[in-house]
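Printed here is start26.cif (mmCIF, C-alpha atoms and all ligand atoms):
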data_protein
#
loop_
_atom_site.label_atom_id
_atom_site.label_comp_id
_atom_site.auth_asym_id
_atom_site.auth_seq_id
_atom_site.Cartn_x
_atom_site.Cartn_y
_atom_site.Cartn_z
CA MET A 1 -8.17 -32.76 -23.12
CA LYS A 2 -11.51 -31.61 -24.48
CA PHE A 3 -11.53 -28.79 -26.98
CA ASP A 4 -14.32 -26.76 -25.30
CA PHE A 5 -12.33 -26.58 -22.08
CA LEU A 6 -9.64 -24.60 -23.85
CA SER A 7 -9.48 -20.83 -23.67
CA GLU A 8 -10.53 -18.97 -26.80
CA SER A 9 -6.96 -18.06 -27.66
CA ASP A 10 -5.85 -21.70 -27.27
CA GLN A 11 -8.72 -22.79 -29.50
CA ALA A 12 -7.68 -20.24 -32.13
CA TYR A 13 -4.10 -21.52 -31.88
CA PHE A 14 -5.08 -25.14 -32.49
CA ILE A 15 -7.51 -24.25 -35.28
CA HIS A 16 -4.72 -22.30 -36.95
CA LYS A 17 -2.44 -25.31 -36.58
CA ALA A 18 -5.04 -27.60 -38.15
CA SER A 19 -5.66 -25.25 -41.06
CA THR A 20 -1.92 -24.97 -41.70
CA LEU A 21 -1.80 -28.74 -42.06
CA VAL A 22 -4.75 -28.78 -44.44
CA GLU A 23 -3.28 -25.96 -46.50
CA ALA A 24 -0.16 -28.07 -46.97
CA LEU A 25 -2.14 -30.81 -48.71
CA PRO A 26 -1.95 -29.48 -52.31
CA PHE A 27 1.79 -28.96 -51.92
CA ILE A 28 2.23 -32.44 -50.49
CA ARG A 29 0.30 -33.83 -53.48
CA GLU A 30 2.38 -31.73 -55.87
CA HIS A 31 5.70 -33.03 -54.54
CA SER A 32 4.74 -36.58 -53.62
CA GLY A 33 7.06 -39.10 -55.28
CA ASP A 34 9.60 -36.42 -56.19
CA ILE A 35 13.30 -36.48 -55.40
CA VAL A 36 14.40 -33.31 -53.64
CA VAL A 37 18.12 -32.70 -53.11
CA ILE A 38 18.93 -30.48 -50.15
CA LYS A 39 22.30 -28.89 -49.51
CA TYR A 40 22.65 -28.34 -45.82
CA GLY A 41 25.53 -26.33 -44.57
CA GLY A 42 26.98 -23.19 -43.28
CA HIS A 43 26.15 -21.81 -39.93
CA ALA A 44 22.65 -23.31 -39.71
CA MET A 45 24.38 -26.62 -39.13
CA GLY A 46 26.33 -25.43 -36.11
CA ASP A 47 23.25 -24.37 -34.10
CA PRO A 48 21.91 -27.40 -32.15
CA LYS A 49 18.32 -26.11 -32.10
CA LEU A 50 18.29 -25.49 -35.84
CA ALA A 51 19.99 -28.83 -36.46
CA LYS A 52 17.20 -30.57 -34.59
CA SER A 53 14.47 -28.72 -36.47
CA PHE A 54 16.24 -29.51 -39.77
CA ALA A 55 16.33 -33.22 -38.86
CA ARG A 56 12.62 -33.22 -38.06
CA ASP A 57 11.80 -31.37 -41.28
CA ILE A 58 13.70 -34.00 -43.28
CA GLY A 59 11.75 -36.74 -41.50
CA LEU A 60 8.48 -34.99 -42.28
CA ILE A 61 9.37 -34.54 -45.95
CA LYS A 62 10.11 -38.26 -46.21
CA GLU A 63 6.95 -39.22 -44.34
CA VAL A 64 4.70 -37.40 -46.83
CA GLY A 65 6.11 -39.34 -49.77
CA ILE A 66 8.95 -37.14 -51.01
CA TYR A 67 12.47 -38.57 -51.36
CA PRO A 68 14.89 -36.18 -49.67
CA ILE A 69 18.61 -36.50 -50.30
CA VAL A 70 20.87 -34.45 -48.06
CA VAL A 71 24.30 -33.27 -49.20
CA HIS A 72 26.12 -31.44 -46.47
CA GLY A 73 28.89 -28.90 -46.28
CA GLY A 74 31.13 -28.20 -43.37
CA GLY A 75 32.85 -24.86 -43.96
CA PRO A 76 32.77 -23.48 -40.39
CA GLN A 77 33.63 -26.85 -38.79
CA ILE A 78 36.50 -27.44 -41.25
CA ALA A 79 37.74 -23.92 -40.57
CA ASP A 80 37.77 -24.62 -36.81
CA LYS A 81 39.67 -27.88 -37.22
CA LEU A 82 42.23 -26.32 -39.57
CA LYS A 83 42.70 -23.42 -37.17
CA SER A 84 43.33 -25.80 -34.28
CA LYS A 85 46.09 -27.37 -36.40
CA ASN A 86 47.47 -23.98 -37.43
CA ILE A 87 46.67 -24.52 -41.09
CA THR A 88 45.42 -21.49 -42.96
CA SER A 89 43.61 -21.75 -46.27
CA LYS A 90 43.03 -19.33 -49.06
CA PHE A 91 39.78 -19.06 -50.98
CA VAL A 92 39.48 -18.37 -54.68
CA ASP A 93 35.97 -17.61 -55.96
CA GLY A 94 34.47 -19.16 -52.81
CA LEU A 95 36.48 -22.38 -53.16
CA ARG A 96 39.05 -23.51 -50.59
CA VAL A 97 42.59 -24.02 -51.89
CA THR A 98 43.22 -27.57 -50.63
CA ASP A 99 46.67 -29.18 -50.18
CA ILE A 100 47.17 -32.83 -49.19
CA ASP A 101 47.09 -32.15 -45.40
CA THR A 102 43.99 -30.04 -45.81
CA VAL A 103 42.11 -32.63 -47.87
CA ARG A 104 42.78 -35.26 -45.17
CA ILE A 105 41.32 -32.98 -42.51
CA VAL A 106 38.40 -32.06 -44.76
CA GLU A 107 37.68 -35.76 -45.27
CA ASP A 108 37.88 -36.49 -41.56
CA VAL A 109 35.58 -33.64 -40.56
CA LEU A 110 33.04 -34.26 -43.34
CA ALA A 111 32.90 -38.06 -43.32
CA ASN A 112 33.54 -38.88 -39.68
CA GLU A 113 32.14 -35.95 -37.76
CA ILE A 114 29.48 -33.97 -39.61
CA ASN A 115 27.98 -36.83 -41.60
CA THR A 116 27.53 -38.92 -38.46
CA GLU A 117 26.03 -35.97 -36.58
CA ILE A 118 23.40 -35.36 -39.26
CA VAL A 119 22.55 -39.06 -39.61
CA ASN A 120 22.15 -39.36 -35.83
CA ALA A 121 20.02 -36.22 -35.65
CA ILE A 122 17.64 -37.56 -38.32
CA ASN A 123 17.50 -40.99 -36.68
CA ASP A 124 16.97 -39.50 -33.21
CA SER A 125 13.95 -37.63 -34.53
CA GLY A 126 12.41 -40.86 -35.83
CA GLY A 127 13.71 -40.88 -39.41
CA LYS A 128 15.89 -43.49 -41.08
CA ALA A 129 19.05 -41.99 -42.53
CA ILE A 130 22.10 -43.61 -44.09
CA GLY A 131 25.49 -41.88 -44.17
CA LEU A 132 27.35 -42.03 -47.47
CA THR A 133 30.75 -40.62 -48.38
CA GLY A 134 31.33 -39.50 -51.95
CA ASN A 135 34.81 -41.04 -52.22
CA LYS A 136 33.65 -44.52 -51.18
CA ASN A 137 31.93 -47.10 -53.42
CA ASN A 138 32.58 -44.78 -56.40
CA LEU A 139 29.64 -42.72 -55.26
CA LEU A 140 31.02 -39.50 -56.65
CA SER A 141 33.70 -39.68 -59.36
CA ALA A 142 35.73 -36.54 -59.82
CA THR A 143 38.65 -34.95 -61.57
CA LYS A 144 40.87 -32.17 -60.35
CA LEU A 145 39.14 -28.86 -60.83
CA LYS A 146 40.94 -26.31 -62.97
CA LEU A 147 39.60 -22.94 -62.07
CA GLU A 148 39.34 -20.38 -64.85
CA ILE A 149 40.21 -16.94 -63.56
CA LYS A 150 40.81 -13.63 -65.24
CA ASP A 151 44.12 -11.96 -64.56
CA SER A 152 43.16 -8.52 -63.22
CA ASP A 153 46.05 -6.78 -65.02
CA SER A 154 46.00 -8.38 -68.44
CA ASN A 155 42.35 -9.58 -68.43
CA ILE A 156 43.60 -12.88 -69.86
CA GLU A 157 41.85 -16.05 -68.67
CA LYS A 158 44.15 -18.55 -67.00
CA LEU A 159 43.72 -21.91 -65.33
CA LEU A 160 44.45 -22.01 -61.62
CA ASP A 161 45.37 -25.16 -59.73
CA ILE A 162 43.75 -25.03 -56.29
CA GLY A 163 44.91 -28.47 -55.18
CA PHE A 164 42.66 -31.33 -54.16
CA VAL A 165 39.43 -29.66 -55.14
CA GLY A 166 37.34 -31.85 -57.34
CA GLN A 167 34.91 -31.38 -60.17
CA PRO A 168 32.29 -34.16 -60.15
CA THR A 169 32.21 -36.26 -63.29
CA ASP A 170 29.80 -39.05 -62.41
CA VAL A 171 27.46 -40.31 -59.70
CA ASN A 172 26.68 -43.89 -58.75
CA THR A 173 22.95 -43.24 -59.03
CA ASN A 174 22.16 -46.95 -58.61
CA LEU A 175 23.63 -46.91 -55.13
CA ILE A 176 21.59 -43.87 -54.12
CA LYS A 177 18.42 -45.35 -55.63
CA GLU A 178 19.01 -48.64 -53.79
CA HIS A 179 19.05 -46.77 -50.49
CA ILE A 180 16.00 -44.73 -51.45
CA ASN A 181 14.08 -47.85 -52.44
CA TYR A 182 15.03 -49.37 -49.13
CA GLY A 183 13.33 -46.42 -47.41
CA ASP A 184 16.50 -44.68 -46.26
CA ILE A 185 17.32 -40.98 -46.41
CA PRO A 186 20.80 -40.66 -47.97
CA VAL A 187 23.08 -38.14 -46.24
CA ILE A 188 26.10 -37.53 -48.46
CA ALA A 189 29.53 -36.08 -47.61
CA PRO A 190 30.80 -34.13 -50.66
CA LEU A 191 34.06 -35.91 -51.37
CA GLY A 192 35.05 -37.30 -54.75
CA ILE A 193 37.48 -39.89 -56.03
CA ASP A 194 39.41 -40.01 -59.32
CA ALA A 195 40.51 -42.99 -61.40
CA GLU A 196 43.84 -43.15 -59.50
CA GLY A 197 42.11 -43.26 -56.13
CA ASN A 198 42.89 -39.66 -55.09
CA SER A 199 40.26 -38.05 -52.89
CA TYR A 200 38.98 -34.56 -53.54
CA ASN A 201 37.17 -31.91 -51.59
CA ILE A 202 34.10 -30.92 -53.59
CA ASN A 203 32.17 -27.76 -52.84
CA ALA A 204 28.96 -29.04 -51.28
CA ASP A 205 26.74 -26.86 -53.48
CA THR A 206 28.48 -28.21 -56.59
CA ALA A 207 28.11 -31.81 -55.37
CA ALA A 208 24.43 -31.33 -54.48
CA GLY A 209 23.65 -29.78 -57.87
CA PHE A 210 25.49 -32.48 -59.78
CA ILE A 211 23.74 -35.26 -57.88
CA ALA A 212 20.37 -33.52 -58.38
CA GLY A 213 21.02 -33.34 -62.14
CA LYS A 214 22.02 -37.00 -62.43
CA LEU A 215 18.99 -38.14 -60.41
CA LYS A 216 16.69 -35.78 -62.34
CA ALA A 217 15.51 -34.36 -59.03
CA SER A 218 12.51 -32.08 -59.24
CA LYS A 219 14.01 -29.61 -56.81
CA LEU A 220 17.36 -28.49 -55.54
CA LEU A 221 17.31 -26.53 -52.29
CA LEU A 222 20.49 -24.84 -51.15
CA LEU A 223 20.32 -23.80 -47.50
CA THR A 224 22.70 -21.04 -46.54
CA ASP A 225 23.30 -18.28 -44.02
CA VAL A 226 21.76 -15.40 -45.95
CA ALA A 227 18.17 -14.73 -47.02
CA GLY A 228 18.95 -15.74 -50.62
CA ILE A 229 20.59 -13.85 -53.47
CA LEU A 230 20.85 -10.19 -52.48
CA ASP A 231 20.96 -7.42 -55.08
CA LYS A 232 23.41 -4.50 -55.11
CA ASP A 233 21.30 -2.73 -52.45
CA LYS A 234 21.39 -5.89 -50.30
CA LYS A 235 17.71 -6.56 -50.96
CA LEU A 236 16.49 -10.13 -51.46
CA ILE A 237 15.77 -11.17 -55.05
CA PRO A 238 12.75 -13.49 -54.58
CA PHE A 239 12.52 -14.78 -58.17
CA LEU A 240 15.12 -15.01 -60.87
CA LYS A 241 14.75 -16.31 -64.40
CA LEU A 242 17.45 -18.76 -65.47
CA GLU A 243 18.77 -16.29 -68.08
CA GLU A 244 18.98 -13.56 -65.43
CA ALA A 245 20.90 -15.91 -63.14
CA ILE A 246 23.44 -16.46 -65.92
CA THR A 247 24.07 -12.72 -66.18
CA ILE A 248 23.89 -11.91 -62.45
CA ILE A 249 26.76 -14.27 -61.64
CA LYS A 250 29.14 -11.88 -63.40
CA GLU A 251 27.99 -8.86 -61.35
CA GLU A 252 30.30 -7.45 -58.73
CA PHE A 253 27.71 -7.76 -55.98
CA VAL A 254 27.82 -11.54 -56.34
CA SER A 255 31.00 -12.84 -54.72
CA GLY A 256 32.48 -15.53 -52.47
CA GLY A 257 30.41 -18.64 -51.82
CA MET A 258 27.39 -17.19 -53.65
CA LYS A 259 29.17 -17.65 -56.99
CA PRO A 260 29.41 -21.47 -56.88
CA LYS A 261 25.89 -21.52 -55.46
CA ILE A 262 24.32 -19.69 -58.40
CA LYS A 263 26.50 -21.57 -60.91
CA THR A 264 25.29 -24.81 -59.32
CA CYS A 265 21.65 -23.79 -59.80
CA ILE A 266 22.26 -22.89 -63.45
CA ASP A 267 24.07 -26.19 -64.18
CA ALA A 268 21.44 -28.23 -62.33
CA MET A 269 18.65 -26.63 -64.36
CA HIS A 270 20.53 -27.26 -67.60
CA ASN A 271 20.71 -30.88 -66.45
CA GLY A 272 16.97 -31.20 -65.98
CA VAL A 273 16.25 -30.06 -62.42
CA THR A 274 12.99 -28.12 -62.59
CA LYS A 275 13.39 -25.59 -59.81
CA THR A 276 16.25 -24.46 -57.63
CA THR A 277 16.01 -22.31 -54.52
CA ILE A 278 18.69 -20.63 -52.43
CA LEU A 279 17.19 -20.12 -48.98
CA ASP A 280 17.97 -19.13 -45.42
CA GLY A 281 18.79 -22.14 -43.27
CA ARG A 282 18.81 -19.93 -40.16
CA ILE A 283 15.01 -19.71 -40.30
CA PRO A 284 13.47 -22.58 -38.33
CA HIS A 285 11.57 -25.00 -40.60
CA SER A 286 12.78 -23.18 -43.71
CA LEU A 287 12.39 -26.41 -45.72
CA VAL A 288 8.77 -26.84 -44.68
CA LEU A 289 8.05 -23.20 -45.46
CA GLU A 290 9.60 -23.59 -48.89
CA LEU A 291 7.96 -26.88 -49.84
CA PHE A 292 4.57 -26.77 -48.15
CA THR A 293 3.39 -23.19 -47.98
CA GLU A 294 2.31 -20.63 -50.53
CA HIS A 295 4.91 -18.13 -49.38
CA GLY A 296 8.08 -19.95 -50.35
CA ILE A 297 11.23 -18.31 -49.08
CA GLY A 298 14.62 -17.35 -50.48
CA THR A 299 15.49 -16.87 -54.14
CA GLN A 300 13.79 -19.20 -56.56
CA ILE A 301 15.41 -19.68 -59.94
CA TYR A 302 13.00 -20.84 -62.63
CA SER A 303 13.13 -21.44 -66.37
P1 LIG A 401 27.49 -21.78 -47.38
O1 LIG A 401 28.24 -22.30 -46.23
O2 LIG A 401 26.01 -21.76 -47.15
O3 LIG A 401 27.87 -22.40 -48.70
P2 LIG A 401 28.99 -19.47 -48.31
O4 LIG A 401 29.71 -18.58 -47.36
O5 LIG A 401 29.80 -20.39 -49.12
O6 LIG A 401 27.87 -20.22 -47.47
O7 LIG A 401 28.12 -18.59 -49.32
C1 LIG A 401 27.16 -17.66 -48.84
C2 LIG A 401 27.79 -16.27 -48.68
O8 LIG A 401 27.93 -15.64 -49.94
C3 LIG A 401 26.96 -15.28 -47.89
O9 LIG A 401 27.09 -15.44 -46.51
C4 LIG A 401 27.51 -13.93 -48.37
O10 LIG A 401 28.53 -13.49 -47.52
C5 LIG A 401 28.16 -14.25 -49.71
N1 LIG A 401 27.59 -13.46 -50.82
C6 LIG A 401 28.33 -12.84 -51.76
N2 LIG A 401 27.55 -12.19 -52.65
C7 LIG A 401 26.26 -12.38 -52.25
C8 LIG A 401 24.99 -11.93 -52.76
N3 LIG A 401 24.87 -11.15 -53.84
N4 LIG A 401 23.87 -12.33 -52.09
C9 LIG A 401 23.95 -13.11 -50.99
N5 LIG A 401 25.14 -13.55 -50.46
C10 LIG A 401 26.28 -13.19 -51.08
MG MG A 402 29.78 -22.39 -49.65
#
Before anything else, please render the file you have as structure tokens.
Amino acid sequence: MKFDFLSESDQAYFIHKASTLVEALPFIREHSGDIVVIKYGGHAMGDPKLAKSFARDIGLIKEVGIYPIVVHGGGPQIADKLKSKNITSKFVDGLRVTDIDTVRIVEDVLANEINTEIVNAINDSGGKAIGLTGNKNNLLSATKLKLEIKDSDSNIEKLLDIGFVGQPTDVNTNLIKEHINYGDIPVIAPLGIDAEGNSYNINADTAAGFIAGKLKASKLLLLTDVAGILDKDKKLIPFLKLEEAITIIKEEFVSGGMKPKIKTCIDAMHNGVTKTTILDGRIPHSLVLELFTEHGIGTQIYS
């Protein structure tokens, strides 16, 4: 195909494509050699077209010299499986109350179904992914999470037991680094294990942030099913200073799964992650837009 045989509009299209690639160069240089931890989850994961574009984006990120690490959730898929078994779960502050039957199902869905799907999608698009499960090989050590909640009547803080929900305490960073050095893209299911061998369901945002902190990742990207953090008028907050994030988390307009997400960003930044972004995984190529273009998307938290 010779260029001058193309119509003018086709020529403009290809020139635009070429210039987009060239414009990405400074961003590629900026991030090259960095570790970027990406939390993939929510509804973006259930859409086959988006799942394919995510897999290709991950491959591209790796190919240009960045080390992507994927930590995945599974909320909607876990909900479907629990529903099919007539198990209902309650949520407190965006976290699933998890009894022993529930944690077994969570483990099965995360480790055996979703993890494999993501690994296969990345491999099918030409990448080289390796599936890892947090509760195997001491990848993610955890203790039972004790949730601090305020009693609405007395305003007294109390600790709530929400079952087999874990708080990460350590990461086997050597194992992750071994895989990275081998050229693999780690895809991690957010399960944890305690000293007695009990497995825990860990909120995927929390797991991703903790891993990012321990690996001193340069970026933590949390993909979700909203544009980012929305203010009280439901308008996107594009930038948020770390101190503002600490205060916003207590606002009434921040609820449900957004709470652990923002808390994760704050903790990760306290642990040395430079930038964290909460972005819309429903937008095709959201990762590429965020990393390689001037107009990043979502809410970026910076210090
Ligand atoms: P994910 O599966 O991506 O972790 P979650 O459902 O756990 O998604 O968390 C994202 C959800 O948080 C949004 O879909 C939205 O319903 C809720 N949310 C609560 N407060 C806010 C807010 N201020 N801005 C954006 N989303 C919010
Ligand atoms: Mg969530």
Seminar exercise, completed: atom CA of Leu175 of chain A to atom CA of Ser199 of chain A measures 19.0 Å
For this session: Write out as a list in words the residues lying within 7 Å of Asp205 of chain A, counting only C-alpha atoms and excluding same-chain residues fewer than 2 positions away.
Result: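 The neighbour list is Lys39, Asn203, Ala207, Ala208, Gly209, Leu222, Pro260, Lys261 and Thr264 of chain A.
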For this session: Just give me the gap between atom CA of Val226 of chain A and atom C10 of ligand LIG 401 (chain A) in Å, one decimal is fine.
Result: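 These two atoms are separated by 7.2 Å.
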With 7 Å as the cut-off and all atoms listed in the file counted, what is the closest atom pair between each nearby residue of chain A and ligand LIG 401 (chain A)? Distances in Å to one decimal, ordered by chain and number, as a tab-separated table.
residue	atom	partner	partner_atom	distance
A:Gly41	CA	A:LIG401	O1	5.1
A:Gly42	CA	A:LIG401	O1	3.3
A:His43	CA	A:LIG401	O1	6.7
A:Gly73	CA	A:LIG401	O1	6.6
A:Gly75	CA	A:LIG401	O1	5.7
A:Gly94	CA	A:LIG401	O5	6.1
A:Asp205	CA	A:LIG401	O3	6.6
A:Leu223	CA	A:LIG401	O2	6.1
A:Thr224	CA	A:LIG401	O2	3.4
A:Asp225	CA	A:LIG401	O9	5.4
A:Val226	CA	A:LIG401	O9	5.4
A:Gly228	CA	A:LIG401	C9	5.7
A:Ile229	CA	A:LIG401	N4	3.9
A:Leu230	CA	A:LIG401	N4	3.7
A:Asp231	CA	A:LIG401	N3	5.5
A:Lys232	CA	A:LIG401	N3	6.9
A:Phe253	CA	A:LIG401	N3	4.9
A:Val254	CA	A:LIG401	N2	3.8
A:Ser255	CA	A:LIG401	C6	4.0
A:Gly256	CA	A:LIG401	C6	5.0
A:Gly257	CA	A:LIG401	O5	3.3
A:Met258	CA	A:LIG401	O8	4.1
Problem set entry | His72 of chain A environment, 8 Å, all atoms listed in the file, sequence neighbours closer than 4 positions dropped, as number ranges by chain | A: 39-41, 115, 187-190, 204
Exercise. Smallest atom-to-atom distance to Asn174 of chain A: which of A:Thr277, A:Thr206, A:Asn137, A:Asn155, using all atoms listed in the file?
Worked result: A:Asn137
For this session: Find the residues near Glu243 of chain A: any atom within 10 Å, counting all atoms listed in the file, skip ones fewer than 2 places away on the same chain, and give them as an MDAnalysis selection string.
Result: chainID A and resid 240:241 245:248 266 301:303
Using only C-alpha atoms, please write the residues we just selected to a file, as a short mmCIF file (atom, residue, chain, number, x, y, z; two decimals), in the coordinates of the input.
data_model
loop_
_atom_site.label_atom_id
_atom_site.label_comp_id
_atom_site.auth_asym_id
_atom_site.auth_seq_id
_atom_site.Cartn_x
_atom_site.Cartn_y
_atom_site.Cartn_z
CA LEU A 240 15.12 -15.01 -60.87
CA LYS A 241 14.75 -16.31 -64.40
CA ALA A 245 20.90 -15.91 -63.14
CA ILE A 246 23.44 -16.46 -65.92
CA THR A 247 24.07 -12.72 -66.18
CA ILE A 248 23.89 -11.91 -62.45
CA ILE A 266 22.26 -22.89 -63.45
CA ILE A 301 15.41 -19.68 -59.94
CA TYR A 302 13.00 -20.84 -62.63
CA SER A 303 13.13 -21.44 -66.37
#
Where atoms are missing, can you supply all heavy atoms for segment 58-67 of chain A and output the lot as a short mmCIF file (atom, residue, chain, number, x, y, z; two decimals), keeping the file's coordinate frame?
data_model
loop_
_atom_site.label_atom_id
_atom_site.label_comp_id
_atom_site.auth_asym_id
_atom_site.auth_seq_id
_atom_site.Cartn_x
_atom_site.Cartn_y
_atom_site.Cartn_z
N ILE A 58 13.32 -32.96 -42.31
CA ILE A 58 13.70 -34.00 -43.28
C ILE A 58 12.82 -35.24 -43.07
O ILE A 58 12.32 -35.83 -44.03
CB ILE A 58 15.21 -34.36 -43.13
CG1 ILE A 58 16.09 -33.19 -43.57
CG2 ILE A 58 15.57 -35.62 -43.91
CD1 ILE A 58 16.07 -32.89 -45.06
N GLY A 59 12.61 -35.59 -41.81
CA GLY A 59 11.75 -36.74 -41.50
C GLY A 59 10.34 -36.52 -42.01
O GLY A 59 9.72 -37.42 -42.59
N LEU A 60 9.84 -35.31 -41.83
CA LEU A 60 8.48 -34.99 -42.28
C LEU A 60 8.37 -35.09 -43.81
O LEU A 60 7.43 -35.70 -44.34
CB LEU A 60 8.11 -33.57 -41.82
CG LEU A 60 6.80 -33.00 -42.36
CD1 LEU A 60 5.60 -33.69 -41.71
CD2 LEU A 60 6.70 -31.50 -42.12
N ILE A 61 9.36 -34.52 -44.48
CA ILE A 61 9.37 -34.54 -45.95
C ILE A 61 9.29 -35.98 -46.45
O ILE A 61 8.53 -36.32 -47.35
CB ILE A 61 10.66 -33.83 -46.46
CG1 ILE A 61 10.56 -32.34 -46.19
CG2 ILE A 61 10.88 -34.11 -47.95
CD1 ILE A 61 11.85 -31.59 -46.42
N LYS A 62 10.09 -36.85 -45.84
CA LYS A 62 10.11 -38.26 -46.21
C LYS A 62 8.76 -38.93 -45.94
O LYS A 62 8.23 -39.68 -46.77
CB LYS A 62 11.23 -38.97 -45.43
CG LYS A 62 11.29 -40.45 -45.58
CD LYS A 62 11.80 -40.81 -46.96
CE LYS A 62 11.95 -42.28 -47.20
NZ LYS A 62 11.10 -43.17 -46.48
N GLU A 63 8.20 -38.59 -44.78
CA GLU A 63 6.95 -39.22 -44.34
C GLU A 63 5.78 -38.91 -45.27
O GLU A 63 4.86 -39.71 -45.38
CB GLU A 63 6.65 -38.73 -42.92
CG GLU A 63 6.21 -39.77 -41.94
CD GLU A 63 7.13 -40.98 -41.85
OE1 GLU A 63 8.33 -40.81 -41.55
OE2 GLU A 63 6.65 -42.08 -42.10
N VAL A 64 5.82 -37.74 -45.94
CA VAL A 64 4.70 -37.40 -46.83
C VAL A 64 4.95 -37.85 -48.27
O VAL A 64 4.26 -37.42 -49.19
CB VAL A 64 4.35 -35.88 -46.79
CG1 VAL A 64 3.95 -35.46 -45.40
CG2 VAL A 64 5.50 -35.03 -47.31
N GLY A 65 5.96 -38.71 -48.46
CA GLY A 65 6.11 -39.34 -49.77
C GLY A 65 7.10 -38.70 -50.71
O GLY A 65 7.18 -39.03 -51.89
N ILE A 66 7.90 -37.76 -50.18
CA ILE A 66 8.95 -37.14 -51.01
C ILE A 66 10.25 -37.88 -50.67
O ILE A 66 10.40 -38.41 -49.58
CB ILE A 66 9.08 -35.64 -50.66
CG1 ILE A 66 7.76 -34.92 -50.97
CG2 ILE A 66 10.23 -34.98 -51.40
CD1 ILE A 66 7.68 -33.52 -50.42
N TYR A 67 11.18 -37.92 -51.64
CA TYR A 67 12.47 -38.57 -51.36
C TYR A 67 13.55 -37.52 -51.15
O TYR A 67 14.10 -37.00 -52.12
CB TYR A 67 12.84 -39.50 -52.51
CG TYR A 67 11.82 -40.59 -52.73
CD1 TYR A 67 10.91 -40.52 -53.79
CD2 TYR A 67 11.75 -41.67 -51.85
CE1 TYR A 67 9.96 -41.51 -53.98
CE2 TYR A 67 10.79 -42.66 -52.03
CZ TYR A 67 9.90 -42.57 -53.09
OH TYR A 67 8.96 -43.54 -53.26
#
